>>> print(open('entry.txt').read())   # compact mmCIF, C-alpha atoms
# COMPACT_ATOMS: atom_id res chain seq x y z
CA MET A 1 87.16 140.23 144.31
CA GLU A 2 89.56 142.61 145.99
CA SER A 3 92.71 143.74 144.22
CA PRO A 4 95.93 142.63 145.91
CA LEU A 5 97.87 145.29 147.85
CA ILE A 6 101.64 145.66 147.66
CA GLY A 7 102.72 148.45 149.95
CA GLU A 8 100.52 151.40 149.13
CA ARG A 9 100.11 150.66 145.40
CA ILE A 10 97.00 148.94 144.06
CA PHE A 11 97.40 146.64 141.02
CA PRO A 12 94.30 145.70 139.00
CA VAL A 13 93.46 142.03 138.38
CA PRO A 14 94.72 141.03 134.89
CA PRO A 15 92.13 139.91 132.34
CA PRO A 16 91.80 136.15 131.66
CA LEU A 17 93.90 134.59 128.91
CA PRO A 18 92.13 133.73 125.64
CA GLY A 19 90.83 130.16 125.43
CA PRO A 20 92.16 127.51 123.08
CA SER A 21 89.32 128.10 120.61
CA ALA A 22 90.38 131.69 120.09
CA ILE A 23 94.05 131.11 119.43
CA SER A 24 96.25 128.09 118.78
CA CYS A 25 99.94 128.23 119.64
CA HIS A 26 102.24 125.66 118.11
CA PRO A 27 105.67 125.29 119.73
CA LYS A 28 108.86 125.10 117.73
CA GLY A 29 109.38 121.76 116.03
CA LEU A 30 105.66 120.89 115.79
CA VAL A 31 104.51 119.34 112.52
CA MET A 32 101.23 120.56 111.06
CA ASP A 33 99.68 119.17 107.85
CA GLY A 34 102.85 117.23 107.16
CA SER A 35 105.14 120.29 107.25
CA ALA A 36 107.43 121.40 110.05
CA LEU A 37 106.71 124.87 111.43
CA ARG A 38 109.49 127.44 111.54
CA GLY A 39 109.89 129.10 114.93
CA TYR A 40 106.56 129.60 116.74
CA SER A 41 103.15 129.84 115.09
CA CYS A 42 100.11 131.44 116.75
CA VAL A 43 97.32 131.42 114.19
CA SER A 44 93.83 132.25 115.37
CA THR A 45 90.56 131.33 113.69
CA ALA A 46 90.01 135.05 113.08
CA THR A 47 93.25 135.21 111.07
CA ARG A 48 92.19 132.29 108.91
CA ASP A 49 88.78 133.89 108.39
CA LEU A 50 90.53 137.12 107.42
CA TRP A 51 92.37 135.36 104.57
CA GLU A 52 89.09 133.74 103.53
CA ARG A 53 87.38 137.15 103.40
CA LEU A 54 90.28 138.64 101.46
CA PHE A 55 89.79 135.97 98.80
CA ASP A 56 85.98 136.08 98.77
CA GLU A 57 85.68 139.88 98.63
CA GLY A 58 88.75 140.46 96.46
CA TYR A 59 89.61 143.66 98.34
CA ARG A 60 92.08 145.70 96.25
CA ALA A 61 92.73 142.70 94.02
CA ASP A 62 95.25 143.31 91.25
CA VAL A 63 94.92 140.06 89.26
CA SER A 64 92.05 138.67 87.20
CA ILE A 65 92.04 134.94 86.44
CA ASN A 66 90.10 133.91 83.34
CA THR A 67 88.48 130.45 83.17
CA ASP A 68 86.95 128.33 80.41
CA THR A 69 83.38 129.34 81.31
CA GLY A 70 84.16 133.05 80.99
CA ASP A 71 83.91 133.62 84.74
CA ILE A 72 86.66 135.68 86.36
CA ILE A 73 88.30 135.13 89.72
CA TYR A 74 89.98 138.12 91.36
CA ALA A 75 93.12 137.63 93.41
CA HIS A 76 96.31 139.30 94.64
CA ALA A 77 99.59 139.00 92.77
CA SER A 78 101.73 138.94 95.91
CA ILE A 79 99.84 135.95 97.36
CA LEU A 80 99.76 134.00 94.10
CA GLY A 81 103.45 134.64 93.46
CA MET A 82 104.49 133.47 96.92
CA ALA A 83 102.28 130.37 96.77
CA SER A 84 103.34 129.15 93.32
CA PRO A 85 106.54 129.79 91.33
CA ILE A 86 104.65 129.05 88.10
CA LEU A 87 102.05 131.71 88.85
CA LYS A 88 104.84 134.13 89.72
CA GLY A 89 106.34 133.59 86.27
CA MET A 90 102.96 134.00 84.59
CA LEU A 91 102.34 137.26 86.45
CA LYS A 92 105.71 138.65 85.37
CA GLN A 93 104.84 138.00 81.73
CA SER A 94 101.24 139.23 81.97
CA ARG A 95 100.07 142.64 80.79
CA ARG A 96 98.19 145.20 82.82
CA HIS A 97 94.69 146.21 81.81
CA ASN A 98 92.90 148.81 83.90
CA CYS A 99 95.41 148.32 86.76
CA LEU A 100 94.80 144.56 86.69
CA ARG A 101 97.14 141.80 85.55
CA SER A 102 95.30 139.14 83.60
CA ILE A 103 96.17 135.43 83.47
CA SER A 104 94.20 132.40 82.29
CA ILE A 105 93.78 128.87 83.64
CA HIS A 106 92.17 126.62 81.08
CA GLY A 107 91.30 122.94 80.88
CA VAL A 108 89.52 122.63 84.25
CA PRO A 109 86.08 123.78 85.49
CA TYR A 110 85.62 127.20 87.04
CA GLU A 111 84.67 125.68 90.42
CA ALA A 112 87.93 123.70 90.54
CA VAL A 113 89.97 126.83 89.78
CA ARG A 114 88.17 128.70 92.54
CA VAL A 115 88.88 125.91 95.09
CA PHE A 116 92.52 125.93 93.96
CA ILE A 117 92.96 129.70 94.38
CA ARG A 118 91.18 129.61 97.74
CA PHE A 119 93.65 126.98 98.94
CA LEU A 120 96.53 129.31 98.04
CA TYR A 121 95.09 131.88 100.43
CA SER A 122 94.08 129.86 103.49
CA SER A 123 95.06 126.21 102.83
CA CYS A 124 91.37 125.37 103.33
CA TYR A 125 88.81 123.50 101.26
CA GLU A 126 85.39 121.98 101.72
CA GLN A 127 85.05 118.21 101.80
CA GLU A 128 82.34 118.20 99.12
CA GLU A 129 84.52 120.33 96.83
CA MET A 130 87.52 118.03 97.27
CA VAL A 131 85.47 114.91 96.50
CA GLU A 132 84.00 116.51 93.38
CA HIS A 133 87.15 118.12 91.97
CA VAL A 134 89.99 115.99 93.38
CA LEU A 135 91.34 114.98 89.96
CA HIS A 136 91.30 118.56 88.65
CA LEU A 137 92.95 119.78 91.85
CA LEU A 138 95.64 117.11 91.51
CA VAL A 139 96.40 118.35 88.01
CA LEU A 140 96.43 122.01 89.10
CA SER A 141 98.63 121.35 92.13
CA HIS A 142 101.12 119.50 89.93
CA ALA A 143 101.08 122.04 87.10
CA PHE A 144 101.53 125.04 89.41
CA ILE A 145 103.82 123.27 91.94
CA VAL A 146 101.70 123.42 95.10
CA PRO A 147 102.98 120.36 97.02
CA GLN A 148 100.66 120.73 100.04
CA LEU A 149 97.53 120.54 97.89
CA LYS A 150 99.03 117.71 95.84
CA GLN A 151 99.63 115.66 98.99
CA ALA A 152 96.09 116.35 100.19
CA CYS A 153 94.64 115.16 96.86
CA GLN A 154 96.70 111.96 96.97
CA ARG A 155 95.56 111.23 100.54
CA TRP A 156 91.90 111.63 99.57
CA LEU A 157 92.32 109.33 96.59
CA GLU A 158 94.21 106.66 98.53
CA ASP A 159 91.86 106.78 101.54
CA GLY A 160 88.58 106.09 99.78
CA LEU A 161 88.06 107.80 96.42
CA LEU A 162 90.00 105.13 94.52
CA THR A 163 87.70 102.43 93.09
CA VAL A 164 87.82 99.67 90.50
CA GLU A 165 85.87 101.90 88.10
CA ASN A 166 88.27 104.86 88.17
CA VAL A 167 91.59 103.19 89.02
CA VAL A 168 92.82 103.06 85.39
CA ASP A 169 92.15 106.77 84.83
CA ILE A 170 93.76 107.72 88.14
CA PHE A 171 96.74 105.46 87.41
CA GLN A 172 97.41 107.26 84.14
CA LEU A 173 96.92 110.63 85.82
CA ALA A 174 99.33 109.67 88.63
CA LEU A 175 102.00 108.81 86.05
CA LEU A 176 101.52 112.17 84.32
CA CYS A 177 101.51 114.12 87.59
CA ASP A 178 104.62 112.43 89.01
CA ALA A 179 102.82 110.86 91.97
CA PRO A 180 104.77 107.60 92.53
CA ARG A 181 102.98 106.53 95.70
CA LEU A 182 99.55 107.02 94.16
CA SER A 183 100.59 105.17 90.98
CA LEU A 184 101.90 102.29 93.12
CA VAL A 185 98.60 102.06 95.04
CA CYS A 186 96.69 102.07 91.73
CA HIS A 187 99.01 99.43 90.30
CA HIS A 188 98.42 97.13 93.26
CA LEU A 189 94.65 97.55 92.97
CA ILE A 190 94.75 96.81 89.22
CA LEU A 191 96.74 93.61 89.76
CA LYS A 192 94.52 92.57 92.66
CA SER A 193 91.25 93.07 90.73
CA LEU A 194 92.42 92.67 87.13
CA LYS A 195 89.34 90.74 85.98
CA ASP A 196 86.96 93.48 87.18
CA VAL A 197 89.25 96.29 86.02
CA CYS A 198 89.45 94.86 82.48
CA ALA A 199 85.65 95.14 82.22
CA THR A 200 85.63 98.90 82.98
CA GLU A 201 85.33 101.63 80.39
CA GLY A 202 88.63 103.14 81.51
CA TRP A 203 90.54 99.97 80.62
CA LYS A 204 88.89 99.80 77.17
CA VAL A 205 89.84 103.42 76.46
CA MET A 206 93.40 102.85 77.66
CA LYS A 207 93.64 99.74 75.49
CA GLU A 208 92.88 101.82 72.41
CA SER A 209 94.79 104.99 73.27
CA HIS A 210 97.76 103.56 75.23
CA PRO A 211 98.39 99.96 74.14
CA VAL A 212 101.97 100.15 75.42
CA LEU A 213 100.74 100.90 78.94
CA GLU A 214 98.32 97.97 78.77
CA LYS A 215 101.19 95.71 77.68
CA LYS A 216 103.35 96.87 80.60
CA LEU A 217 100.52 96.24 83.07
CA LEU A 218 100.02 92.70 81.79
CA GLU A 219 103.77 92.07 81.90
CA SER A 220 103.89 93.33 85.48
CA LEU A 221 101.06 90.91 86.33
CA ILE A 222 103.09 88.01 84.91
CA GLU A 223 106.16 89.16 86.85
CA ALA A 224 104.12 89.40 90.07
CA GLU A 225 102.76 85.88 89.60
CA THR A 226 106.28 84.59 88.88
CA ARG A 227 107.63 86.25 92.02
CA GLN A 228 104.79 84.77 94.05
CA LYS A 229 105.49 81.29 92.71
CA GLU A 230 109.19 81.68 93.44
CA ARG A 231 108.43 82.93 96.94
CA THR A 232 106.14 79.93 97.54
CA ARG A 233 108.79 77.54 96.24
CA LYS A 234 111.44 78.99 98.54
CA MET A 235 109.07 78.81 101.51
CA GLU A 236 108.41 75.13 100.77
CA GLN A 237 112.16 74.48 100.50
CA ARG A 238 112.78 76.28 103.77
CA LYS A 239 110.07 74.18 105.40
CA VAL A 240 111.77 70.97 104.20
CA TYR A 241 115.19 72.13 105.42
CA LEU A 242 113.75 73.02 108.80
CA GLN A 243 112.11 69.58 109.05
CA LEU A 244 115.46 67.94 108.28
CA TYR A 245 117.13 69.98 110.99
CA GLU A 246 114.45 68.99 113.50
CA ALA A 247 114.87 65.35 112.47
CA MET A 248 118.59 65.63 113.21
CA GLU A 249 117.84 67.08 116.63
CA ALA A 250 115.33 64.29 117.33
CA LEU A 251 117.87 61.65 116.21
CA VAL A 252 120.44 62.98 118.67
CA HIS A 253 117.77 63.11 121.38
CA ILE A 254 116.80 59.46 120.83
CA CYS A 255 120.36 58.13 120.67
CA ARG A 256 121.66 60.20 123.59
CA ASP A 257 118.75 60.59 126.03
CA GLY A 258 116.16 58.14 124.79
CA CYS A 259 112.52 58.79 123.99
CA ARG A 260 109.53 56.86 125.30
CA THR A 261 110.35 53.21 124.45
CA ILE A 262 113.47 53.64 122.34
CA GLY A 263 116.98 54.83 123.17
CA PRO A 264 120.45 53.73 124.34
CA HIS A 265 120.85 50.13 125.51
CA ASP A 266 121.94 51.22 128.99
CA ARG A 267 118.67 53.02 129.75
CA VAL A 268 115.35 51.65 131.00
CA PHE A 269 112.18 52.91 129.32
CA ASN A 270 108.47 52.49 129.83
CA GLU A 271 105.42 53.49 127.82
CA ASP A 272 104.07 55.70 130.65
CA ARG A 273 106.91 58.17 130.14
CA ALA A 274 105.83 61.75 129.45
CA PRO A 275 105.87 62.74 125.74
CA CYS A 276 108.97 64.58 124.52
CA ASN A 277 109.12 68.02 122.93
CA TYR A 278 110.46 66.83 119.57
CA GLU A 279 107.69 66.51 116.98
CA ALA A 280 109.84 64.36 114.69
CA CYS A 281 110.47 61.72 117.36
CA LYS A 282 107.43 59.55 116.65
CA ALA A 283 108.09 59.21 112.91
CA LEU A 284 111.82 58.76 113.51
CA GLU A 285 111.16 56.07 116.14
CA LEU A 286 109.13 54.04 113.60
CA LEU A 287 111.87 54.49 111.01
CA LEU A 288 114.57 53.33 113.44
CA ARG A 289 112.58 50.25 114.43
CA HIS A 290 112.09 49.33 110.78
CA PHE A 291 115.78 49.93 110.06
CA ALA A 292 116.79 47.62 112.91
CA ALA A 293 114.49 44.77 111.79
CA CYS A 294 114.57 45.11 107.99
CA LYS A 295 116.31 42.29 106.10
CA MET A 296 116.92 44.49 103.02
CA ARG A 297 118.92 47.09 104.93
CA VAL A 298 121.51 47.56 102.18
CA PRO A 299 121.41 51.01 100.50
CA GLY A 300 119.07 50.98 97.51
CA GLY A 301 117.16 47.87 98.64
CA CYS A 302 114.42 49.29 100.87
CA ILE A 303 113.15 52.85 100.42
CA HIS A 304 112.68 53.34 104.17
CA CYS A 305 116.17 52.03 104.93
CA LYS A 306 117.58 54.25 102.19
CA ARG A 307 116.00 57.25 103.88
CA MET A 308 117.54 56.17 107.20
CA TRP A 309 120.99 55.86 105.60
CA GLN A 310 120.61 59.40 104.24
CA LEU A 311 119.59 60.75 107.65
CA LEU A 312 122.59 59.09 109.29
CA GLU A 313 124.97 60.53 106.72
CA LEU A 314 123.39 63.99 107.07
CA HIS A 315 123.85 63.77 110.83
CA SER A 316 127.51 62.86 110.46
CA ARG A 317 128.06 65.96 108.32
CA LEU A 318 126.36 68.15 110.93
CA CYS A 319 127.90 66.48 114.00
CA ALA A 320 130.65 68.49 115.66
CA ASP A 321 132.28 65.62 117.61
CA SER A 322 131.87 62.17 116.10
CA ASP A 323 134.22 60.59 118.68
CA ALA A 324 131.81 61.36 121.53
CA CYS A 325 128.64 61.01 119.45
CA ARG A 326 126.22 58.24 120.39
CA VAL A 327 124.39 58.19 117.05
CA PRO A 328 125.10 54.87 115.26
CA LEU A 329 127.66 54.88 112.42
CA CYS A 330 128.49 58.55 112.90
CA ARG A 331 132.25 57.96 112.91
CA ASN A 332 131.99 55.48 110.00
CA PHE A 333 130.25 58.05 107.85
CA LYS A 334 132.88 60.64 108.76
CA GLN A 335 135.56 58.33 107.38
CA ARG A 336 133.47 57.49 104.34
CA ILE A 337 133.10 61.18 103.50
CA LYS A 338 136.84 61.43 102.92
CA LYS A 339 136.61 58.78 100.16
CA GLN A 340 133.46 60.19 98.58
CA ASN A 341 133.69 61.60 95.04
CA LYS A 342 133.79 65.35 94.68
CA LYS A 343 130.41 65.70 92.93
CA ASP A 344 128.48 63.93 95.69
CA ASP A 345 130.43 65.76 98.38
CA ILE A 346 129.50 69.14 96.87
CA LYS A 347 125.79 68.20 96.86
CA TRP A 348 125.92 67.23 100.54
CA ARG A 349 127.80 70.42 101.44
CA ILE A 350 125.18 72.54 99.69
CA LEU A 351 122.39 70.72 101.54
CA VAL A 352 124.11 71.19 104.92
CA ARG A 353 124.69 74.90 104.23
CA LYS A 354 121.02 75.45 103.30
CA ILE A 355 119.80 73.59 106.39
CA LEU A 356 122.01 75.65 108.70
CA ARG A 357 121.04 78.87 106.94
CA THR A 358 117.34 78.07 107.32
CA LYS A 359 117.81 77.39 111.01
CA SER A 360 119.68 80.66 111.44
CA ILE A 361 116.69 82.49 109.91
CA THR A 362 114.00 80.76 111.97
CA GLY A 363 115.84 80.31 115.26
CA GLU A 364 119.14 79.98 117.03
CA PRO A 365 121.85 78.87 114.53
CA PHE A 366 123.46 75.90 116.18
CA PHE A 367 123.27 72.14 115.99
CA THR A 368 122.84 70.21 119.19
CA SER A 369 125.86 68.01 119.74
CA ALA A 370 125.34 64.29 120.09
CA SER A 371 127.95 64.06 122.80
CA SER A 372 126.87 63.12 126.30
>>> encode(input="entry.txt", output="C-alpha cells")
Amino acid sequence: MESPLIGERIFPVPPPLPGPSAISCHPKGLVMDGSALRGYSCVSTATRDLWERLFDEGYRADVSINTDTGDIIYAHASILGMASPILKGMLKQSRRHNCLRSISIHGVPYEAVRVFIRFLYSSCYEQEEMVEHVLHLLVLSHAFIVPQLKQACQRWLEDGLLTVENVVDIFQLALLCDAPRLSLVCHHLILKSLKDVCATEGWKVMKESHPVLEKKLLESLIEAETRQKERTRKMEQRKVYLQLYEAMEALVHICRDGCRTIGPHDRVFNEDRAPCNYEACKALELLLRHFAACKMRVPGGCIHCKRMWQLLELHSRLCADSDACRVPLCRNFKQRIKKQNKKDDIKWRILVRKILRTKSITGEPFFTSASS
C-alpha cells in the first residue's frame, strides 16, 4: 500500500490500534463489579497478569503472613495497607525481622488466606476456590473490611451455594458478619422449609448452643403465619366489598336500563336479548323476582327478602341523586336514614366507606348514578 503524499512530504501509514482483547477502556461513569469507576480506566489483561505475578512471585515482598498450618505467604505492605484499613493498622504495629514485617491470620485454612490475599492484589479468584472457601472468605472480608470480596461471597451464597443443609450455619454467620441481605435470604429459606431444616445437624447444634436464636426463629414463623392469615382475611373482605359494589352497579343497570327479561315497566324485553356485562345481574334478577312475589316480604320474615332490603338500603346510601333515581324505595330509605339510631348509622357508614375504598383500589373510584 502506498503512503499518502501531502505536498512533498511522505507520511508513513500508522500502525493498527490494539484490539479489544488487548485493552479494555471504560468511559467515565461506567459501573464495573458493582462500583463506579473514577475518571477513565484502561486496564489490559497484561496489567492484571502483572499483579498476579507480583503476588505469586513475591518480588521484593516486605511482609510475611503466618497461617495456622505454618505456611507463610509473602506480600507487600503498601498493597495490603491500601486494600484493608485493618491490615494497615496491623502492619503499623508489627515488628521487622530481617527487613520483613510479620503478621498472622489465624482461624482459617492456609488456602483461604492465600485466595484472600490474591484478591487484594488483582480482585480475581478461581471459581473452585470460591466454592470451597466461600464461608472463610466471607469471614475474612468482614474482619478486614474488604467490601468487594464480601459482596462477591454473598452473591455466590445467594445464587446457588445456599441449601437446606447449610442454611442454619450460614444464617448465624450472616448475623455475625453484618450481612443483612444474606441473613434475610436465609431466614426466608428456613421459614419456607422449616420441617426439613429442623432435621439438619446445623439446627440441632444451634438448638443446644443458641437456644435464644431458635426461639426467635420459631416466633418469627408464628408471626409470618399470623400475617399471612390476616392478609388472607383482608383479601376475602375486599372480595366481598367488591361484590357488593358490583351488585349495586347491577341493580342500577336493571332498574334504569333493564336486563334481559327484567327492567323498568316502560321498556319491552325479550329473552333473545344479548347478555349484559354485569356478572351480578343473573343472581340479582332472581332475587328481585322473588322479592316481588314473596308474601313474607316484611324485614326479618324471609331471608332472601331481608337480603334485598339490605341491598336497597345500601344503594340508597351510595346513590348520589335519589330524586332522579329509578331504583325502588331509594328516596324512602334516604328519609328513613335520618330517623335511624346512631349505632346502626355508624355501621352503615363504615360499610359504605370500605366498599368505596375497595373500589378505589381495584378500579375507578366512583359509583354509577341511578339517574337517567
>>> atom_distance(input="entry.txt", atom1="CA of Glu128 (chain A)", atom2="CA of Ser141 (chain A)")
18.0 Å
>>> residues_around(input="entry.txt", residues="region 173-182 of chain A", least_positions_apart="6", cutoff="8 Å", atoms="all atoms listed in the file", output="PyMOL selection string")
chain A and resi 138-139+142-143+154+157-158
>>> atom_distance(input="entry.txt", atom1="CA of Ser84 (chain A)", atom2="CA of Gln172 (chain A)")
24.5 Å
>>> residues_near_point(input="entry.txt", point="(95.9, 133.9, 78.8)", cutoff="9 Å", atoms="only C-alpha atoms", output="ChimeraX atom specification")
/A:65-66,94,102-106
>>> closest_residue(input="entry.txt", among="A:Ala224, A:Asn277, A:Val327, A:Met296", to="Cys255 (chain A)", atoms="all atoms listed in the file")
A:Val327
>>> atom_distance(input="entry.txt", atom1="CA of Cys259 (chain A)", atom2="CA of Leu284 (chain A)")
10.5 Å
>>> closest_atom_pairs(input="entry.txt", of="region 163-251 of chain A", to="region 351-360 of chain A", cutoff="12 Å", atoms="only C-alpha atoms", output="Markdown table")
| residue | atom | partner | partner_atom | distance |
| --- | --- | --- | --- | --- |
| A:Lys234 | CA | A:Thr358 | CA | 10.6 |
| A:Met235 | CA | A:Thr358 | CA | 10.1 |
| A:Glu236 | CA | A:Thr358 | CA | 11.5 |
| A:Gln237 | CA | A:Thr358 | CA | 9.3 |
| A:Arg238 | CA | A:Thr358 | CA | 6.0 |
| A:Lys239 | CA | A:Thr358 | CA | 8.5 |
| A:Val240 | CA | A:Ile355 | CA | 8.7 |
| A:Tyr241 | CA | A:Ile355 | CA | 4.9 |
| A:Leu242 | CA | A:Lys359 | CA | 6.4 |
| A:Gln243 | CA | A:Ile355 | CA | 9.1 |
| A:Leu244 | CA | A:Ile355 | CA | 7.4 |
| A:Tyr245 | CA | A:Ile355 | CA | 6.4 |
| A:Glu246 | CA | A:Lys359 | CA | 9.4 |
| A:Ala247 | CA | A:Ile355 | CA | 11.4 |
| A:Met248 | CA | A:Ile355 | CA | 10.6 |
| A:Glu249 | CA | A:Lys359 | CA | 11.7 |
>>> write_last_selection(input="entry.txt", atoms="C-alpha atoms", output="CSV table (one decimal), keeping the file's coordinate frame")
chain,number,residue,atom,x,y,z
A,234,LYS,CA,111.4,79.0,98.5
A,235,MET,CA,109.1,78.8,101.5
A,236,GLU,CA,108.4,75.1,100.8
A,237,GLN,CA,112.2,74.5,100.5
A,238,ARG,CA,112.8,76.3,103.8
A,239,LYS,CA,110.1,74.2,105.4
A,240,VAL,CA,111.8,71.0,104.2
A,241,TYR,CA,115.2,72.1,105.4
A,242,LEU,CA,113.8,73.0,108.8
A,243,GLN,CA,112.1,69.6,109.0
A,244,LEU,CA,115.5,67.9,108.3
A,245,TYR,CA,117.1,70.0,111.0
A,246,GLU,CA,114.4,69.0,113.5
A,247,ALA,CA,114.9,65.4,112.5
A,248,MET,CA,118.6,65.6,113.2
A,249,GLU,CA,117.8,67.1,116.6
>>> closest_residue(input="entry.txt", among="A:Lys215, A:Pro328, A:Cys198, A:Arg336", to="Pro264 (chain A)", atoms="all atoms listed in the file")
A:Pro328
>>> residues_near_point(input="entry.txt", point="(87.6, 138.1, 99.9)", cutoff="12 Å", atoms="only C-alpha atoms", output="VMD selection string")
chain A and resid 48 to 61 73 to 76 114 117 to 118 121 to 122
>>> residues_around(input="entry.txt", residues="Val108 (chain A)", least_positions_apart="2", cutoff="9 Å", atoms="all atoms listed in the file", output="PyMOL selection string")
chain A and resi 67-68+105-106+110-113+136-137+139-140
>>> residues_around(input="entry.txt", residues="Ser193 (chain A)", least_positions_apart="4", cutoff="12 Å", atoms="only C-alpha atoms", output="list in words")
Thr163, Val164, Glu165, Val167, Val168, Cys186, His187, His188, Leu189, Val197, Cys198, Ala199, Thr200 and Leu221 of chain A
>>> closest_residue(input="entry.txt", among="A:Leu218, A:Cys281, A:Ile170, A:Leu251", to="Gly202 (chain A)", atoms="all atoms listed in the file")
A:Ile170
>>> closest_residue(input="entry.txt", among="A:Arg331, A:Arg289, A:Lys282, A:Lys343", to="Arg317 (chain A)", atoms="all atoms listed in the file")
A:Arg331
>>> axis_aligned_box(input="entry.txt", around="region 74-77 of chain A", padding_each_side="4 Å", output="lines of an AutoDock Vina configuration file")
center_x = 94.8
center_y = 138.5
center_z = 93.0
size_x = 17.6
size_y = 9.7
size_z = 11.3
>>> closest_residue(input="entry.txt", among="A:Arg349, A:Lys339, A:Arg233, A:Arg256", to="Leu318 (chain A)", atoms="all atoms listed in the file")
A:Arg349
